[in-house]
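Here's my_file-v1.txt, which has compact mmCIF, C-alpha atoms:
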```txt
# COMPACT_ATOMS: atom_id res chain seq x y z
CA MET A 1 -18.47 -2.57 -16.84
CA ALA A 2 -20.40 -5.46 -18.36
CA LYS A 3 -24.08 -5.64 -17.62
CA THR A 4 -25.72 -8.78 -16.27
CA PRO A 5 -28.74 -10.39 -17.93
CA LEU A 6 -31.68 -10.77 -15.58
CA GLN A 7 -35.00 -12.58 -15.97
CA PHE A 8 -37.83 -12.75 -13.49
CA ARG A 9 -41.61 -12.75 -13.32
CA HIS A 10 -43.19 -9.41 -12.58
CA ASN A 11 -46.87 -9.60 -11.61
CA GLY A 12 -47.29 -12.73 -13.72
CA ARG A 13 -45.41 -11.39 -16.73
CA ASP A 14 -41.91 -12.47 -17.77
CA VAL A 15 -39.34 -9.68 -17.76
CA ALA A 16 -35.86 -9.83 -19.29
CA LEU A 17 -33.35 -7.01 -19.11
CA PHE A 18 -29.71 -6.11 -18.43
CA VAL A 19 -28.64 -4.59 -15.12
CA ASP A 20 -25.50 -2.97 -13.76
CA GLY A 21 -23.83 -4.96 -10.97
CA GLY A 22 -25.07 -3.96 -7.54
CA THR A 23 -28.38 -2.48 -8.77
CA ASN A 24 -31.20 -2.96 -6.31
CA LEU A 25 -34.60 -4.35 -7.25
CA LEU A 26 -36.36 -1.07 -6.52
CA VAL A 27 -34.33 0.70 -9.22
CA VAL A 28 -35.13 -2.12 -11.65
CA LEU A 29 -38.85 -1.89 -10.94
CA ARG A 30 -39.19 1.88 -10.91
CA GLU A 31 -36.65 3.04 -13.46
CA MET A 32 -36.29 0.13 -15.86
CA ILE A 33 -39.77 -1.37 -16.10
CA SER A 34 -41.77 1.68 -14.96
CA ASP A 35 -43.59 0.05 -12.07
CA VAL A 36 -43.58 3.00 -9.67
CA THR A 37 -45.90 1.45 -7.10
CA PRO A 38 -43.05 0.47 -4.72
CA LYS A 39 -41.72 3.71 -3.21
CA PHE A 40 -38.22 4.80 -2.30
CA GLY A 41 -38.29 5.95 1.31
CA CYS A 42 -35.03 5.47 3.16
CA GLY A 43 -32.87 3.04 1.18
CA GLN A 44 -31.88 1.49 4.52
CA GLY A 45 -34.62 -0.99 5.38
CA GLY A 46 -36.14 1.28 7.98
CA CYS A 47 -39.41 2.43 6.42
CA GLY A 48 -40.99 -0.43 4.44
CA ALA A 49 -42.23 1.81 1.59
CA CYS A 50 -40.59 -0.45 -1.01
CA THR A 51 -42.10 -3.72 0.31
CA VAL A 52 -42.79 -6.26 -2.47
CA LEU A 53 -43.52 -9.98 -2.42
CA ILE A 54 -40.84 -12.31 -3.74
CA ASP A 55 -42.11 -15.88 -4.12
CA GLY A 56 -44.85 -14.86 -1.69
CA ASP A 57 -42.63 -13.45 1.07
CA ALA A 58 -42.53 -9.75 1.92
CA LEU A 59 -39.08 -8.33 1.17
CA LEU A 60 -37.63 -4.87 0.81
CA ALA A 61 -36.91 -4.07 -2.83
CA CYS A 62 -34.32 -1.41 -1.95
CA LEU A 63 -32.18 -3.97 -0.11
CA THR A 64 -32.62 -6.77 -2.64
CA LEU A 65 -29.81 -7.23 -5.13
CA ALA A 66 -31.39 -7.40 -8.59
CA GLU A 67 -29.42 -10.56 -9.46
CA ALA A 68 -30.97 -12.29 -6.45
CA VAL A 69 -34.44 -12.35 -8.05
CA GLU A 70 -33.26 -14.28 -11.12
CA GLY A 71 -36.01 -16.76 -11.99
CA ARG A 72 -38.22 -15.69 -9.08
CA ALA A 73 -41.71 -14.20 -8.96
CA VAL A 74 -41.95 -10.55 -7.90
CA GLU A 75 -45.35 -9.17 -6.98
CA THR A 76 -45.96 -5.46 -6.48
CA LEU A 77 -49.00 -3.37 -5.71
CA ASP A 78 -49.39 -2.84 -9.46
CA GLY A 79 -50.41 -6.49 -9.79
CA ILE A 80 -52.87 -7.07 -6.98
CA LYS A 81 -56.11 -5.78 -8.51
CA THR A 82 -58.13 -8.00 -10.85
CA GLY A 83 -58.98 -6.12 -14.05
CA PRO A 84 -60.84 -2.98 -12.97
CA ASN A 85 -61.63 -4.45 -9.55
CA LEU A 86 -59.53 -3.31 -6.63
CA HIS A 87 -58.14 -5.94 -4.26
CA PRO A 88 -60.23 -6.14 -1.05
CA LEU A 89 -57.26 -4.62 0.81
CA GLN A 90 -57.21 -1.61 -1.52
CA ARG A 91 -60.98 -1.18 -1.14
CA ALA A 92 -60.76 -1.41 2.64
CA PHE A 93 -57.94 1.15 2.73
CA ALA A 94 -59.96 3.57 0.57
CA GLU A 95 -63.18 3.08 2.51
CA GLY A 96 -61.48 3.21 5.92
CA PHE A 97 -59.41 6.36 5.24
CA ALA A 98 -56.27 4.30 5.79
CA ALA A 99 -54.29 6.44 3.34
CA GLN A 100 -53.56 10.12 3.78
CA CYS A 101 -50.46 11.25 1.91
CA GLY A 102 -50.32 7.73 0.45
CA TYR A 103 -46.55 7.29 0.37
CA CYS A 104 -46.49 4.34 2.76
CA THR A 105 -49.65 2.80 1.29
CA PRO A 106 -48.09 0.49 -1.34
CA GLY A 107 -45.71 -0.97 1.24
CA MET A 108 -48.49 -1.28 3.81
CA LEU A 109 -50.73 -3.06 1.30
CA MET A 110 -48.03 -5.53 0.29
CA ALA A 111 -47.05 -6.24 3.91
CA ALA A 112 -50.75 -6.80 4.65
CA LYS A 113 -51.17 -9.02 1.59
CA ALA A 114 -48.21 -11.17 2.70
CA LEU A 115 -50.02 -11.62 6.02
CA LEU A 116 -53.48 -12.41 4.59
CA ASP A 117 -52.05 -14.81 2.01
CA LYS A 118 -50.65 -16.91 4.88
CA ILE A 119 -53.07 -16.12 7.71
CA PRO A 120 -56.53 -15.31 6.28
CA GLN A 121 -58.01 -14.58 9.71
CA PRO A 122 -55.34 -12.66 11.60
CA SER A 123 -55.73 -11.28 15.09
CA ARG A 124 -55.22 -7.57 15.69
CA GLU A 125 -51.79 -8.38 17.20
CA GLN A 126 -50.80 -10.29 14.07
CA VAL A 127 -51.79 -7.32 11.91
CA VAL A 128 -49.77 -4.95 14.10
CA GLU A 129 -46.78 -7.29 13.84
CA ALA A 130 -47.19 -7.65 10.06
CA ILE A 131 -46.95 -3.89 9.47
CA SER A 132 -44.39 -3.26 12.23
CA GLY A 133 -41.66 -2.65 9.65
CA ASN A 134 -43.74 -0.08 7.76
CA ILE A 135 -43.69 3.52 8.90
CA CYS A 136 -46.68 5.85 8.43
CA ARG A 137 -46.37 9.47 9.51
CA CYS A 138 -49.99 10.48 8.80
CA THR A 139 -52.61 8.07 10.03
CA GLY A 140 -51.44 6.97 13.46
CA TYR A 141 -51.82 3.37 12.20
CA GLU A 142 -55.28 2.71 13.66
CA PRO A 143 -57.19 3.17 10.36
CA ILE A 144 -54.62 0.93 8.64
CA ILE A 145 -54.95 -1.85 11.21
CA ASN A 146 -58.75 -1.61 11.02
CA ALA A 147 -58.66 -1.68 7.20
CA VAL A 148 -56.55 -4.84 7.15
CA LEU A 149 -58.97 -6.52 9.57
CA ALA A 150 -61.92 -5.34 7.43
CA ALA A 151 -60.26 -6.71 4.29
CA ALA A 152 -59.70 -10.05 6.03
CA ALA A 153 -63.41 -10.13 6.94
CA SER A 154 -64.47 -9.31 3.38
CA LEU A 155 -62.12 -11.94 1.90
CA ARG A 156 -63.61 -14.44 4.33
CA ALA A 157 -67.18 -13.46 3.33
CA SER A 158 -66.39 -13.83 -0.38
CA ALA A 159 -64.52 -17.13 0.04
CA MET B 160 -21.29 3.16 -9.00
CA PRO B 161 -21.65 -0.32 -10.51
CA VAL B 162 -19.89 -3.12 -8.69
CA THR B 163 -18.89 -6.58 -9.83
CA VAL B 164 -21.16 -9.29 -8.49
CA LYS B 165 -19.60 -12.75 -8.17
CA THR B 166 -21.83 -15.68 -7.29
CA PHE B 167 -20.27 -18.98 -6.21
CA GLN B 168 -21.80 -22.35 -5.54
CA ALA B 169 -19.29 -23.48 -2.93
CA VAL B 170 -18.57 -21.62 0.28
CA SER B 171 -14.86 -22.38 -0.07
CA GLU B 172 -14.72 -20.64 -3.47
CA ALA B 173 -16.59 -17.63 -2.11
CA ALA B 174 -14.19 -17.50 0.84
CA SER B 175 -11.11 -17.52 -1.36
CA ALA B 176 -12.60 -14.84 -3.62
CA LEU B 177 -13.34 -12.76 -0.52
CA SER B 178 -9.85 -13.15 0.91
CA SER B 179 -8.14 -12.22 -2.35
CA ASP B 180 -9.94 -8.91 -2.86
CA ARG B 181 -9.70 -6.12 -0.28
CA ALA B 182 -12.59 -4.24 -1.88
CA ALA B 183 -14.92 -7.27 -1.74
CA ARG B 184 -17.83 -7.62 0.65
CA TYR B 185 -19.87 -10.76 1.22
CA LEU B 186 -23.60 -10.27 0.62
CA GLY B 187 -25.86 -12.34 2.86
CA GLY B 188 -29.42 -11.09 3.28
CA GLY B 189 -28.59 -7.63 1.96
CA THR B 190 -29.70 -5.57 4.94
CA LEU B 191 -26.17 -4.31 5.60
CA VAL B 192 -24.28 -4.46 2.30
CA MET B 193 -27.12 -3.23 0.05
CA ARG B 194 -27.71 -0.41 2.49
CA ASP B 195 -24.06 0.61 2.15
CA LEU B 196 -24.27 0.39 -1.65
CA ASN B 197 -27.44 2.52 -1.62
CA GLU B 198 -25.55 5.10 0.39
CA GLY B 199 -22.79 5.16 -2.23
CA ASP B 200 -20.05 3.35 -0.30
CA VAL B 201 -17.22 3.48 -2.82
CA SER B 202 -15.02 1.13 -0.77
CA ILE B 203 -17.08 -1.78 -2.14
CA ALA B 204 -15.97 -2.79 -5.65
CA THR B 205 -16.98 -6.44 -5.57
CA VAL B 206 -19.96 -8.21 -4.04
CA ILE B 207 -19.52 -11.91 -3.31
CA ARG B 208 -22.46 -14.30 -2.96
CA ALA B 209 -22.68 -18.03 -2.30
CA THR B 210 -25.59 -20.35 -3.06
CA ASP B 211 -24.15 -23.23 -1.00
CA ARG B 212 -26.97 -25.07 0.79
CA THR B 213 -24.83 -25.64 3.88
CA LEU B 214 -25.30 -21.94 4.64
CA GLN B 215 -29.03 -22.65 5.01
CA SER B 216 -28.80 -25.67 7.30
CA ILE B 217 -30.04 -25.87 10.88
CA ASP B 218 -28.71 -28.74 13.00
CA VAL B 219 -30.38 -29.28 16.36
CA ALA B 220 -29.32 -32.92 16.84
CA GLY B 221 -26.06 -32.36 18.72
CA ALA B 222 -25.20 -30.92 22.12
CA ARG B 223 -24.58 -27.60 20.40
CA ILE B 224 -27.15 -26.10 18.06
CA ARG B 225 -25.65 -25.12 14.72
CA ILE B 226 -27.29 -22.53 12.47
CA GLY B 227 -26.00 -21.82 8.96
CA ALA B 228 -24.92 -18.22 8.47
CA GLY B 229 -27.49 -17.72 5.71
CA VAL B 230 -30.47 -18.72 7.87
CA THR B 231 -32.91 -15.81 8.12
CA PHE B 232 -34.67 -14.71 11.29
CA ALA B 233 -37.97 -15.74 9.68
CA ARG B 234 -36.61 -19.30 9.46
CA VAL B 235 -35.40 -19.20 13.06
CA LEU B 236 -38.97 -18.24 14.02
CA ALA B 237 -40.37 -21.13 11.99
CA GLU B 238 -38.16 -23.68 13.76
CA ARG B 239 -39.79 -25.10 16.89
CA ASP B 240 -36.50 -26.46 18.22
CA LEU B 241 -35.12 -22.92 18.31
CA ALA B 242 -37.99 -21.60 20.47
CA PHE B 243 -35.58 -20.17 23.03
CA LEU B 244 -34.14 -17.91 20.30
CA HIS B 245 -37.56 -16.71 19.11
CA PRO B 246 -37.76 -13.64 21.38
CA ALA B 247 -34.41 -12.45 20.01
CA ALA B 248 -35.37 -13.15 16.38
CA ARG B 249 -38.78 -11.53 16.80
CA SER B 250 -37.26 -8.37 18.25
CA ILE B 251 -35.51 -7.65 14.95
CA GLY B 252 -37.10 -5.48 12.25
CA GLY B 253 -40.49 -6.14 10.73
CA PRO B 254 -41.39 -9.30 8.77
CA ALA B 255 -39.63 -8.09 5.60
CA VAL B 256 -36.33 -7.49 7.41
CA ARG B 257 -36.68 -10.88 9.10
CA ASN B 258 -37.24 -12.50 5.70
CA MET B 259 -33.88 -11.05 4.61
CA GLY B 260 -31.57 -10.58 7.59
CA THR B 261 -29.41 -13.57 8.53
CA VAL B 262 -27.82 -14.85 11.73
CA GLY B 263 -24.39 -14.59 10.07
CA GLY B 264 -24.90 -11.01 8.96
CA ASN B 265 -26.11 -10.04 12.42
CA LEU B 266 -22.56 -10.60 13.72
CA PHE B 267 -21.46 -7.66 11.57
CA ALA B 268 -24.33 -5.30 12.35
CA PRO B 269 -23.02 -2.16 14.04
CA ALA B 270 -24.73 -0.74 17.16
CA PRO B 271 -27.66 -0.15 17.61
CA PHE B 272 -28.24 -3.31 15.55
CA GLY B 273 -27.04 -6.87 16.10
CA ASP B 274 -29.60 -7.96 18.70
CA PHE B 275 -29.47 -11.68 17.87
CA THR B 276 -25.73 -11.74 18.57
CA VAL B 277 -26.40 -10.49 22.12
CA ALA B 278 -28.43 -13.65 22.76
CA LEU B 279 -25.76 -15.91 21.24
CA LEU B 280 -23.09 -14.26 23.37
CA VAL B 281 -24.59 -15.58 26.63
CA LEU B 282 -25.20 -19.07 25.18
CA ASP B 283 -21.52 -19.84 24.64
CA GLY B 284 -21.82 -18.81 21.00
CA MET B 285 -19.17 -19.83 18.49
CA VAL B 286 -18.56 -18.61 14.94
CA ALA B 287 -17.46 -21.05 12.22
CA LEU B 288 -15.13 -19.23 9.84
CA GLN B 289 -14.07 -20.48 6.43
CA GLY B 290 -10.61 -19.34 5.49
CA GLY B 291 -8.05 -20.57 3.00
CA PHE B 292 -7.05 -23.25 5.54
CA GLY B 293 -10.53 -24.72 6.07
CA VAL B 294 -13.15 -24.09 8.71
CA ARG B 295 -12.23 -23.08 12.25
CA ASP B 296 -14.39 -22.24 15.24
CA MET B 297 -13.89 -19.07 17.23
CA PRO B 298 -15.77 -17.87 20.33
CA ILE B 299 -18.18 -15.06 19.39
CA GLU B 300 -16.60 -12.79 21.98
CA GLU B 301 -13.19 -13.15 20.36
CA PHE B 302 -14.73 -12.76 16.90
CA LEU B 303 -16.47 -9.50 17.86
CA GLN B 304 -13.29 -8.05 19.36
CA SER B 305 -11.46 -8.58 16.07
CA ARG B 306 -14.46 -8.11 13.77
CA ASP B 307 -12.96 -5.27 11.79
CA ARG B 308 -9.87 -7.34 11.08
CA GLN B 309 -11.87 -10.38 9.94
CA ALA B 310 -12.07 -9.21 6.34
CA GLY B 311 -11.30 -12.16 4.14
CA ALA B 312 -12.74 -14.83 6.42
CA LEU B 313 -16.26 -15.96 5.63
CA VAL B 314 -18.69 -16.83 8.43
CA VAL B 315 -20.38 -20.11 7.49
CA ALA B 316 -22.31 -20.86 10.68
CA VAL B 317 -22.90 -19.95 14.30
CA SER B 318 -23.47 -22.39 17.13
CA CYS B 319 -24.68 -22.14 20.71
CA ILE B 320 -25.77 -24.25 23.64
CA ARG B 321 -29.37 -24.76 24.71
CA PRO B 322 -30.28 -22.82 27.87
CA ALA B 323 -29.88 -24.84 31.09
CA SER B 324 -33.61 -24.30 31.66
CA ALA B 325 -36.34 -22.11 30.18
CA ASP B 326 -36.05 -19.71 33.11
CA ALA B 327 -32.24 -19.63 32.98
CA PHE B 328 -32.19 -17.70 29.68
CA ARG B 329 -33.63 -14.23 29.45
CA TYR B 330 -33.62 -11.72 26.63
CA ARG B 331 -35.03 -8.23 26.36
CA LYS B 332 -34.71 -5.39 23.89
CA ILE B 333 -35.50 -1.94 25.19
CA ALA B 334 -36.95 0.31 22.49
CA ARG B 335 -38.88 3.55 22.55
CA ILE B 336 -41.38 2.53 19.89
CA LYS B 337 -44.03 -0.17 20.31
CA PRO B 338 -44.32 -2.85 19.11
CA LYS B 339 -40.67 -2.36 18.25
CA GLY B 340 -37.96 0.02 17.27
CA GLY B 341 -34.20 0.37 17.30
CA SER B 342 -32.42 -0.75 20.45
CA VAL B 343 -31.79 1.66 23.31
CA ILE B 344 -30.23 -1.31 25.11
CA THR B 345 -30.51 -5.03 24.41
CA LEU B 346 -29.94 -7.41 27.30
CA ALA B 347 -29.47 -11.16 27.51
CA ALA B 348 -28.64 -13.35 30.49
CA HIS B 349 -27.96 -17.04 30.99
CA LEU B 350 -28.08 -17.98 34.65
CA PRO B 351 -27.71 -21.72 35.24
CA GLN B 352 -28.28 -22.59 38.90
CA SER B 353 -26.90 -25.42 40.94
CA GLY B 354 -27.92 -25.98 44.56
CA GLY B 355 -29.78 -22.66 44.54
CA ARG B 356 -26.71 -20.71 43.43
CA VAL B 357 -25.84 -19.19 40.08
CA THR B 358 -22.95 -20.95 38.38
CA GLY B 359 -21.51 -19.81 35.08
CA ALA B 360 -23.49 -16.56 34.85
CA ARG B 361 -23.39 -14.86 31.46
CA ILE B 362 -24.78 -11.40 30.82
CA ALA B 363 -24.46 -9.57 27.51
CA LEU B 364 -25.44 -6.11 26.37
CA GLY B 365 -26.19 -4.65 22.95
CA SER B 366 -25.92 -0.94 22.03
CA MET B 367 -23.58 -0.43 25.00
CA ALA B 368 -20.41 -0.57 22.85
CA PRO B 369 -19.61 -0.75 19.11
CA THR B 370 -20.30 -4.51 19.27
CA ALA B 371 -22.31 -6.66 21.67
CA VAL B 372 -20.29 -7.08 24.88
CA ARG B 373 -20.36 -9.21 28.01
CA ALA B 374 -21.04 -7.41 31.28
CA LYS B 375 -18.36 -9.27 33.19
CA ALA B 376 -18.54 -7.21 36.38
CA ALA B 377 -22.27 -7.95 36.61
CA GLU B 378 -21.56 -11.64 35.94
CA ARG B 379 -19.04 -11.71 38.79
CA ALA B 380 -21.58 -10.07 41.11
CA LEU B 381 -23.94 -13.01 40.58
CA GLU B 382 -21.48 -15.88 40.46
CA GLY B 383 -21.88 -18.41 43.27
CA ARG B 384 -24.72 -16.49 44.89
CA PRO B 385 -28.45 -17.17 45.07
CA LEU B 386 -30.37 -14.98 42.60
CA ASP B 387 -31.77 -12.80 45.38
CA ALA B 388 -32.34 -9.09 45.83
CA SER B 389 -28.84 -8.35 47.11
CA ALA B 390 -27.08 -10.24 44.29
CA ILE B 391 -29.34 -8.58 41.71
CA SER B 392 -28.60 -5.14 43.20
CA ALA B 393 -24.88 -5.82 43.03
CA ALA B 394 -25.17 -6.91 39.39
CA ALA B 395 -27.29 -3.89 38.49
CA ALA B 396 -24.77 -1.54 40.12
CA ALA B 397 -21.98 -3.10 38.05
CA ALA B 398 -23.90 -3.27 34.75
CA ALA B 399 -22.29 -0.24 33.10
CA GLU B 400 -18.74 -1.23 34.02
CA GLY B 401 -16.54 -1.65 30.96
CA THR B 402 -19.17 -0.39 28.53
CA ALA B 403 -18.65 2.34 25.93
CA PRO B 404 -22.05 3.31 24.54
CA ALA B 405 -22.48 5.93 21.84
CA ASP B 406 -24.91 8.81 21.34
CA ASN B 407 -27.44 8.22 18.60
CA SER B 408 -30.95 9.30 17.73
CA LEU B 409 -32.44 6.62 19.97
CA ALA B 410 -30.63 7.57 23.18
CA SER B 411 -27.54 9.33 24.44
CA ALA B 412 -24.54 7.48 25.82
CA TRP B 413 -25.23 9.11 29.19
CA TYR B 414 -28.83 7.85 29.22
CA ARG B 415 -27.78 4.33 28.28
CA ARG B 416 -25.24 4.21 31.13
CA GLU B 417 -27.84 5.60 33.56
CA VAL B 418 -30.57 3.07 32.73
CA VAL B 419 -28.66 -0.11 31.93
CA GLY B 420 -28.65 -1.11 35.61
CA VAL B 421 -32.38 -0.44 35.92
CA HIS B 422 -33.16 -2.70 32.98
CA LEU B 423 -30.75 -5.40 34.14
CA ARG B 424 -32.40 -5.37 37.57
CA ARG B 425 -35.83 -5.80 35.97
CA LEU B 426 -34.60 -8.58 33.70
CA LEU B 427 -32.96 -10.51 36.53
CA SER B 428 -35.87 -10.11 38.92
CA GLY B 429 -38.43 -11.08 36.31
CA GLN B 430 -40.19 -7.72 36.20
CA GLU B 431 -41.77 -6.25 33.10
CA SER B 432 -39.68 -3.73 31.20
```

Could the structure of this file be written out as structure tokens, please?
Amino acid sequence: MAKTPLQFRHNGRDVALFVDGGTNLLVVLREMISDVTPKFGCGQGGCGACTVLIDGDALLACLTLAEAVEGRAVETLDGIKTGPNLHPLQRAFAEGFAAQCGYCTPGMLMAAKALLDKIPQPSREQVVEAISGNICRCTGYEPIINAVLAAAASLRASA
Amino acid sequence: MPVTVKTFQAVSEAASALSSDRAARYLGGGTLVMRDLNEGDVSIATVIRATDRTLQSIDVAGARIRIGAGVTFARVLAERDLAFLHPAARSIGGPAVRNMGTVGGNLFAPAPFGDFTVALLVLDGMVALQGGFGVRDMPIEEFLQSRDRQAGALVVAVSCIRPASADAFRYRKIARIKPKGGSVITLAAHLPQSGGRVTGARIALGSMAPTAVRAKAAERALEGRPLDASAISAAAAAAAEGTAPADNSLASAWYRREVVGVHLRRLLSGQES
């Protein structure tokens, strides 16, 4: 079967490749351009481990048809640090013990980034809502919620 | 297995491609079709998409509110004129799912999903279907009953009425996980009142049958009566009539039948869930 040409921006870099029809974005990212920061969890939209930002909105890479990101900007966890400096969210997660096994962490961070990009000073309820589609089986969520609030405070202080 | 992806500009072209290929599925937001592809559903050979802007339109000017099938729940939540539908939209998924899932796709979501459709069902919801003959409107109830035989027709929009008053429309999704999880039961009610009596009661239930269904016995129990304790008790007692819930990991069919009346009573009497 013929492959389809696909171009999109990946963390600020242009990417061009050929995909099989029906391939999802997660396969493109992980297997074709070796960005393994989005994780495969359920493949059903239930866990949030593959959360990426597409044109600034949080979406699930496993449920996104690769062809649908033609010409769009895809941002993954791999692209959120600046040089050697971690993003304030990453620092807050590390300092607040918000990651244990770490499998949900990339999705959590991207869901949190989508929130802070739009609402720099979220309430606790808004943070809970923002990560409500992301499942964590280790932390009990409290350290994650606190880390997102801490990152919001540090972004505010540095603004 | 690779599939053929066909993208059309016009809805009519997408509809005719869909109707001419038994192994074709229409891809809206991706939360249903991509999931099936990820699970290796070999019955899908072709994926049809449409970029038509009419699928994205929201029209609140007329007596009936019309929402394009491709409108996501995130967009419903961003639309102030659709405030009465916000509780239903917000009860679905997390933000990422709401950025993807569409009101059109929700009509096809099998139990325990399809919560938005439960709300539309009590608001005189209609489905606009594009077939080879043009666009025709069909009541949502009729559409759901024949959903599995609708292959080939493309949903282009849904429409509904505004609630008679803010208090006349109620929606609640019962889940085990806070802030949200899959539906144990989803309930919606539209209870217009005239002269202190309920007229034109509509009650709908999600996760109580393969599709969202109306609880007609409960509706009859309220019709023409004041919304008082005895009418609510009668409706609650009749809530499970005509339902056919399934066992799943969220709840058993037995449990759903046992508690549906309890939750309907709470919804109708304005109590917390």

Give the residues of chain B that lie within 10 Å of chain A; count only C-alpha atoms, and format the answer as a PDB file with C-alpha atoms, in the frame of the given file.
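Written output follows (iface.pdb):
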```pdb
ATOM      1  CA  MET B 160     -21.290   3.160  -9.000  1.00  0.00           C
ATOM      2  CA  PRO B 161     -21.650  -0.320 -10.510  1.00  0.00           C
ATOM      3  CA  VAL B 162     -19.890  -3.120  -8.690  1.00  0.00           C
ATOM      4  CA  THR B 163     -18.890  -6.580  -9.830  1.00  0.00           C
ATOM      5  CA  VAL B 164     -21.160  -9.290  -8.490  1.00  0.00           C
ATOM      6  CA  LYS B 165     -19.600 -12.750  -8.170  1.00  0.00           C
ATOM      7  CA  THR B 166     -21.830 -15.680  -7.290  1.00  0.00           C
ATOM      8  CA  LEU B 186     -23.600 -10.270   0.620  1.00  0.00           C
ATOM      9  CA  GLY B 188     -29.420 -11.090   3.280  1.00  0.00           C
ATOM     10  CA  GLY B 189     -28.590  -7.630   1.960  1.00  0.00           C
ATOM     11  CA  THR B 190     -29.700  -5.570   4.940  1.00  0.00           C
ATOM     12  CA  LEU B 191     -26.170  -4.310   5.600  1.00  0.00           C
ATOM     13  CA  VAL B 192     -24.280  -4.460   2.300  1.00  0.00           C
ATOM     14  CA  MET B 193     -27.120  -3.230   0.050  1.00  0.00           C
ATOM     15  CA  ARG B 194     -27.710  -0.410   2.490  1.00  0.00           C
ATOM     16  CA  ASP B 195     -24.060   0.610   2.150  1.00  0.00           C
ATOM     17  CA  LEU B 196     -24.270   0.390  -1.650  1.00  0.00           C
ATOM     18  CA  ASN B 197     -27.440   2.520  -1.620  1.00  0.00           C
ATOM     19  CA  GLU B 198     -25.550   5.100   0.390  1.00  0.00           C
ATOM     20  CA  ILE B 203     -17.080  -1.780  -2.140  1.00  0.00           C
ATOM     21  CA  ALA B 204     -15.970  -2.790  -5.650  1.00  0.00           C
ATOM     22  CA  THR B 205     -16.980  -6.440  -5.570  1.00  0.00           C
ATOM     23  CA  VAL B 206     -19.960  -8.210  -4.040  1.00  0.00           C
ATOM     24  CA  ARG B 208     -22.460 -14.300  -2.960  1.00  0.00           C
ATOM     25  CA  ARG B 249     -38.780 -11.530  16.800  1.00  0.00           C
ATOM     26  CA  ILE B 251     -35.510  -7.650  14.950  1.00  0.00           C
ATOM     27  CA  GLY B 252     -37.100  -5.480  12.250  1.00  0.00           C
ATOM     28  CA  GLY B 253     -40.490  -6.140  10.730  1.00  0.00           C
ATOM     29  CA  PRO B 254     -41.390  -9.300   8.770  1.00  0.00           C
ATOM     30  CA  ALA B 255     -39.630  -8.090   5.600  1.00  0.00           C
ATOM     31  CA  VAL B 256     -36.330  -7.490   7.410  1.00  0.00           C
ATOM     32  CA  ARG B 257     -36.680 -10.880   9.100  1.00  0.00           C
ATOM     33  CA  ASN B 258     -37.240 -12.500   5.700  1.00  0.00           C
ATOM     34  CA  MET B 259     -33.880 -11.050   4.610  1.00  0.00           C
ATOM     35  CA  LYS B 337     -44.030  -0.170  20.310  1.00  0.00           C
ATOM     36  CA  PRO B 338     -44.320  -2.850  19.110  1.00  0.00           C
ATOM     37  CA  LYS B 339     -40.670  -2.360  18.250  1.00  0.00           C
ATOM     38  CA  GLY B 340     -37.960   0.020  17.270  1.00  0.00           C
ATOM     39  CA  GLY B 341     -34.200   0.370  17.300  1.00  0.00           C
TER      40      GLY B 341
END
```

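Using only C-alpha atoms for every distance, the candidate list B:Ser305, B:Leu177, B:Ile320, B:Ala399 yields B:Ile320 as the residue closest to Gly221 of chain B.
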
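Counting only C-alpha atoms and comparing A:Arg156, A:Ile135, A:Ala73, A:Cys50, the residue that lies closest to Asp117 of chain A is A:Arg156.
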
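When all atoms listed in the file are used to measure the gap to Leu288 of chain B, the shortest distance among B:Leu214, B:Ala410, B:Cys319, B:Met367 belongs to B:Leu214.
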
- Message: So that I can see what lies close to segment 222-226 of chain B, please list as JSON, numbers by chain the residues with an atom at most 7 Å from it, counting all atoms listed in the file and leaving out residues fewer than 4 positions away in the same chain.
- Response: {"B": [216, 217, 218, 230, 316, 317, 318, 319, 320]}

- Measuring atom to atom with all atoms listed in the file, identify which of B:Ser392, B:Ser342, B:Gln168, B:Gln289 is nearest to Gly311 of chain B. B:Gln289

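Separating atom CA of Ala176 of chain B from atom CA of Gly199 of chain B is a distance of 22.5 Å.
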
- Message: Just to confirm, what's the straight-line distance from atom CA of Leu364 of chain B to atom CA of Leu346 of chain B in Å (one decimal)?
- Response: 4.8 Å

- Task: Enumerate, as a list of chain:residue names, the protein, DNA and RNA residues whose atoms approach (-20.2, -20.7, -2.9) to within 7 Å, taking into account only C-alpha atoms and the coordinate frame of the file.
- Result: B:Thr166, B:Phe167, B:Gln168, B:Ala169, B:Val170, B:Ser171, B:Glu172, B:Ala173, B:Arg208, B:Ala209, B:Thr210, B:Asp211

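Minimum atom-to-atom distance to Ala395 of chain B, evaluated using only C-alpha atoms, belongs to B:Ala380 out of B:Leu409, B:Ala380, B:Leu280, B:Leu266.
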
- Message: Residues near segment 381-383 of chain B, anyone? I mean within 9 Å using all atoms listed in the file, not counting same-chain ones fewer than 6 positions away, as a VMD selection string.
- Response: chain B and resid 350 352 to 353 356 to 360 390 to 391 393 to 394

Can you write out the residues you just picked, keeping C-alpha atoms, as an mmCIF file, keeping the file's coordinate frame?
```
data_model
loop_
_atom_site.group_PDB
_atom_site.id
_atom_site.type_symbol
_atom_site.label_atom_id
_atom_site.label_comp_id
_atom_site.auth_asym_id
_atom_site.auth_seq_id
_atom_site.Cartn_x
_atom_site.Cartn_y
_atom_site.Cartn_z
ATOM 1 C CA LEU B 350 -28.080 -17.980 34.650
ATOM 2 C CA GLN B 352 -28.280 -22.590 38.900
ATOM 3 C CA SER B 353 -26.900 -25.420 40.940
ATOM 4 C CA ARG B 356 -26.710 -20.710 43.430
ATOM 5 C CA VAL B 357 -25.840 -19.190 40.080
ATOM 6 C CA THR B 358 -22.950 -20.950 38.380
ATOM 7 C CA GLY B 359 -21.510 -19.810 35.080
ATOM 8 C CA ALA B 360 -23.490 -16.560 34.850
ATOM 9 C CA ALA B 390 -27.080 -10.240 44.290
ATOM 10 C CA ILE B 391 -29.340 -8.580 41.710
ATOM 11 C CA ALA B 393 -24.880 -5.820 43.030
ATOM 12 C CA ALA B 394 -25.170 -6.910 39.390
#
```
